[in-house]
Every structure is written in structure tokens, then in C-alpha cells.
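A.B. asks: Let me give you the structure first, and then I'll get to my questions.
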Amino acid sequence: MLHISRESYKRYGIAGMFICLPESYILVIEGPEETIEQLYRNIQNDALHIQVTTLREGPIASSIFTEWGWP
């Protein structure tokens, strides 16, 4: 999943952090609002994703992940 996401996110100007836990994943993302909204809809509609939960959303003062790269 990470390899597919990495290329797609780079193309659409999305940055973030992906955390893998034994029973769940945490995805923190930032980017253009419309792009993030479409990505989130895609995740919600994908049968591979269950119990999708938003912990926080909204505008940010400045990017946190600008200098981060997807490994």
C-alpha cells in the first residue's frame, strides 16, 4: 500500500505520515483541500478500508511535512 500511495501522493502534492500498527493504520495527510477531500472519499469507498475515522481536519497555519519524504 505504501509504494502505491507514495507515487500517487507525490503527483498530487500530498504530504504526510503513514503509521502501521498491528491492527490498524494511521494516515496523517496535508495538501490541497480538494485533493485531500477526494482522497478521503476514495478511502471511504474502498472495500479494503473499514471503520475509517477522522480524528481531526481543517486548515493548518503551515505545512508540517514539507521536508518529509515517503520512504
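Going by the C-alpha cells order, chains are called A, B, ..., each with residues numbered from 1, while ligands are numbered from 1 in the order shown.
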Could you pull out the helix (DSSP H, G or I) residues of chain A, going by DSSP on the backbone, and write them as a list of chain:residue names?

C.D. replies: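 These are the residues in question: A:Leu2, A:His3, A:Ile4, A:Ser5, A:Arg6, A:Glu7, A:Ser8, A:Tyr9, A:Lys10, A:Arg11, A:Tyr12, A:Glu33, A:Glu34, A:Thr35, A:Ile36, A:Glu37, A:Gln38, A:Leu39, A:Tyr40, A:Arg41, A:Asn42, A:Ile43, A:Gln44, A:Asn45.
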
A.B. asks: Would you pick out the contacts of Ile50 (chain A) at 12 Å or less, using only C-alpha atoms, so that residues sharing its chain but fewer than 3 positions from it are not included, and give the list as a VMD selection string?

C.D. replies: chain A and resid 23 to 25 43 to 47 53

A.B. asks: Export, as a compact mmCIF listing (two decimals), in the first residue's frame, the selected residues with N, CA and C atoms.

C.D. replies:
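Written out: selection_36.txt:
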# COMPACT_ATOMS: atom_id res chain seq x y z
N GLU A 23 -3.09 -3.79 14.19
CA GLU A 23 -4.49 -3.96 13.79
C GLU A 23 -5.08 -2.76 13.08
N SER A 24 -4.26 -1.75 12.81
CA SER A 24 -4.81 -0.57 12.16
C SER A 24 -3.69 0.27 11.54
N TYR A 25 -4.11 1.25 10.78
CA TYR A 25 -3.20 2.20 10.15
C TYR A 25 -3.64 3.60 10.53
N ILE A 43 -10.82 6.65 -0.08
CA ILE A 43 -10.52 5.74 1.03
C ILE A 43 -11.81 5.20 1.64
N GLN A 44 -12.77 6.07 1.88
CA GLN A 44 -14.05 5.65 2.48
C GLN A 44 -14.79 4.65 1.59
N ASN A 45 -14.68 4.79 0.29
CA ASN A 45 -15.42 3.93 -0.64
C ASN A 45 -14.67 2.66 -1.03
N ASP A 46 -13.44 2.53 -0.58
CA ASP A 46 -12.61 1.37 -0.90
C ASP A 46 -12.94 0.23 0.07
N ALA A 47 -13.32 -0.92 -0.45
CA ALA A 47 -13.71 -2.06 0.39
C ALA A 47 -12.57 -2.56 1.27
N THR A 53 -12.10 6.54 10.30
CA THR A 53 -12.46 7.54 11.29
C THR A 53 -11.59 8.78 11.13

A.B. asks: May I have the residues within 6 Å of Ala15 (chain A) as a list in words, using only C-alpha atoms and disregarding those fewer than 2 positions away in the same chain?

C.D. replies: Ile29, Glu30 and Phe65 of chain A

A.B. asks: Between A:Gly31, A:Ile26, A:Tyr40, A:Leu21, single out the one closest to Ile60 (chain A), counting only C-alpha atoms.

C.D. replies: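 Once distances to Ile60 (chain A) are computed over only C-alpha atoms, the minimum belongs to A:Gly31.
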
A.B. asks: So which residues touch Pro32 (chain A) within 8 Å, counting only C-alpha atoms, skipping near sequence neighbours fewer than 3 positions away, as a PyMOL selection string?

C.D. replies: chain A and resi 13-14+35-36

A.B. asks: Please, could you write that set of residues out with all heavy atoms as a PDB file, in the first residue's frame?

C.D. replies:
ATOM      1  N   GLY A  13       0.651  16.376  -4.864  1.00  0.00           N
ATOM      2  CA  GLY A  13       1.067  17.382  -3.894  1.00  0.00           C
ATOM      3  C   GLY A  13       0.617  17.091  -2.473  1.00  0.00           C
ATOM      4  O   GLY A  13       0.425  18.014  -1.683  1.00  0.00           O
ATOM      5  N   ILE A  14       0.475  15.833  -2.147  1.00  0.00           N
ATOM      6  CA  ILE A  14       0.067  15.433  -0.797  1.00  0.00           C
ATOM      7  C   ILE A  14       1.308  15.015  -0.023  1.00  0.00           C
ATOM      8  O   ILE A  14       2.175  14.324  -0.536  1.00  0.00           O
ATOM      9  CB  ILE A  14      -0.931  14.259  -0.856  1.00  0.00           C
ATOM     10  CG1 ILE A  14      -2.208  14.693  -1.571  1.00  0.00           C
ATOM     11  CG2 ILE A  14      -1.253  13.748   0.543  1.00  0.00           C
ATOM     12  CD1 ILE A  14      -3.162  13.556  -1.864  1.00  0.00           C
ATOM     13  N   THR A  35      -8.023  18.066  -3.193  1.00  0.00           N
ATOM     14  CA  THR A  35      -7.312  16.802  -3.386  1.00  0.00           C
ATOM     15  C   THR A  35      -7.474  15.908  -2.165  1.00  0.00           C
ATOM     16  O   THR A  35      -7.739  14.707  -2.284  1.00  0.00           O
ATOM     17  CB  THR A  35      -5.820  17.067  -3.657  1.00  0.00           C
ATOM     18  OG1 THR A  35      -5.705  17.942  -4.775  1.00  0.00           O
ATOM     19  CG2 THR A  35      -5.071  15.782  -3.932  1.00  0.00           C
ATOM     20  N   ILE A  36      -7.338  16.488  -0.985  1.00  0.00           N
ATOM     21  CA  ILE A  36      -7.498  15.718   0.258  1.00  0.00           C
ATOM     22  C   ILE A  36      -8.926  15.203   0.375  1.00  0.00           C
ATOM     23  O   ILE A  36      -9.159  14.042   0.752  1.00  0.00           O
ATOM     24  CB  ILE A  36      -7.126  16.575   1.486  1.00  0.00           C
ATOM     25  CG1 ILE A  36      -5.650  16.967   1.444  1.00  0.00           C
ATOM     26  CG2 ILE A  36      -7.479  15.858   2.787  1.00  0.00           C
ATOM     27  CD1 ILE A  36      -4.675  15.814   1.523  1.00  0.00           C
TER      28      ILE A  36
END

A.B. asks: Using only C-alpha atoms, which residue out of A:Leu39, A:Leu27, A:Glu33, A:His49 lies closest to Ser8 (chain A)?

C.D. replies: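 Of A:Leu39, A:Leu27, A:Glu33, A:His49, the one nearest Ser8 (chain A), counting only C-alpha atoms, is A:Leu39.
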
A.B. asks: With DSSP run on the backbone, what are the strand (DSSP E or B) residues within chain A? I'd like them as a CSV table (one decimal) with N, CA, C and O atoms, in the first residue's frame.

C.D. replies:
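Generated output (result12.csv):
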chain,number,residue,atom,x,y,z
A,15,ALA,N,1.4,15.4,1.2
A,15,ALA,CA,2.5,15.0,2.1
A,15,ALA,C,1.9,14.5,3.4
A,15,ALA,O,0.7,14.7,3.7
A,16,GLY,N,2.6,13.7,4.1
A,16,GLY,CA,2.1,13.2,5.4
A,16,GLY,C,2.9,12.1,6.0
A,16,GLY,O,4.1,12.0,5.7
A,17,MET,N,2.2,11.4,6.9
A,17,MET,CA,2.9,10.4,7.7
A,17,MET,C,1.9,9.2,7.7
A,17,MET,O,0.7,9.3,7.9
A,18,PHE,N,2.5,8.0,7.5
A,18,PHE,CA,1.8,6.7,7.5
A,18,PHE,C,2.3,5.8,8.6
A,18,PHE,O,3.5,5.5,8.6
A,19,ILE,N,1.4,5.5,9.6
A,19,ILE,CA,1.8,4.7,10.7
A,19,ILE,C,1.1,3.3,10.6
A,19,ILE,O,-0.1,3.3,10.5
A,20,CYS,N,1.9,2.2,10.7
A,20,CYS,CA,1.3,0.9,10.6
A,20,CYS,C,1.3,0.3,12.0
A,20,CYS,O,2.4,0.2,12.6
A,25,TYR,N,-4.1,1.3,10.8
A,25,TYR,CA,-3.2,2.2,10.1
A,25,TYR,C,-3.6,3.6,10.5
A,25,TYR,O,-4.8,3.9,10.7
A,26,ILE,N,-2.7,4.5,10.6
A,26,ILE,CA,-3.0,5.9,10.9
A,26,ILE,C,-2.3,6.7,9.7
A,26,ILE,O,-1.1,6.5,9.4
A,27,LEU,N,-3.1,7.5,9.1
A,27,LEU,CA,-2.6,8.3,8.0
A,27,LEU,C,-2.9,9.8,8.3
A,27,LEU,O,-4.0,10.2,8.6
A,28,VAL,N,-1.8,10.5,8.4
A,28,VAL,CA,-1.9,12.0,8.6
A,28,VAL,C,-1.5,12.6,7.2
A,28,VAL,O,-0.4,12.3,6.7
A,29,ILE,N,-2.4,13.4,6.7
A,29,ILE,CA,-2.1,13.9,5.3
A,29,ILE,C,-2.4,15.4,5.3
A,29,ILE,O,-3.2,15.9,6.0
A,30,GLU,N,-1.7,16.1,4.4
A,30,GLU,CA,-1.9,17.5,4.2
A,30,GLU,C,-1.7,17.8,2.7
A,30,GLU,O,-0.9,17.0,2.0

A.B. asks: Find, counting only C-alpha atoms, the residue in A:Arg6, A:Asn42, A:Pro22, A:Glu37 that gets nearest to Gly58 (chain A).

C.D. replies: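 Nearest candidate to Gly58 (chain A) out of A:Arg6, A:Asn42, A:Pro22, A:Glu37: A:Glu37.
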
A.B. asks: As an exercise, work out the distance from CA of Ser62 (chain A) to CA of Arg41 (chain A) in Å and give it to one decimal place.

C.D. replies: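 So the answer is 23.9 Å.
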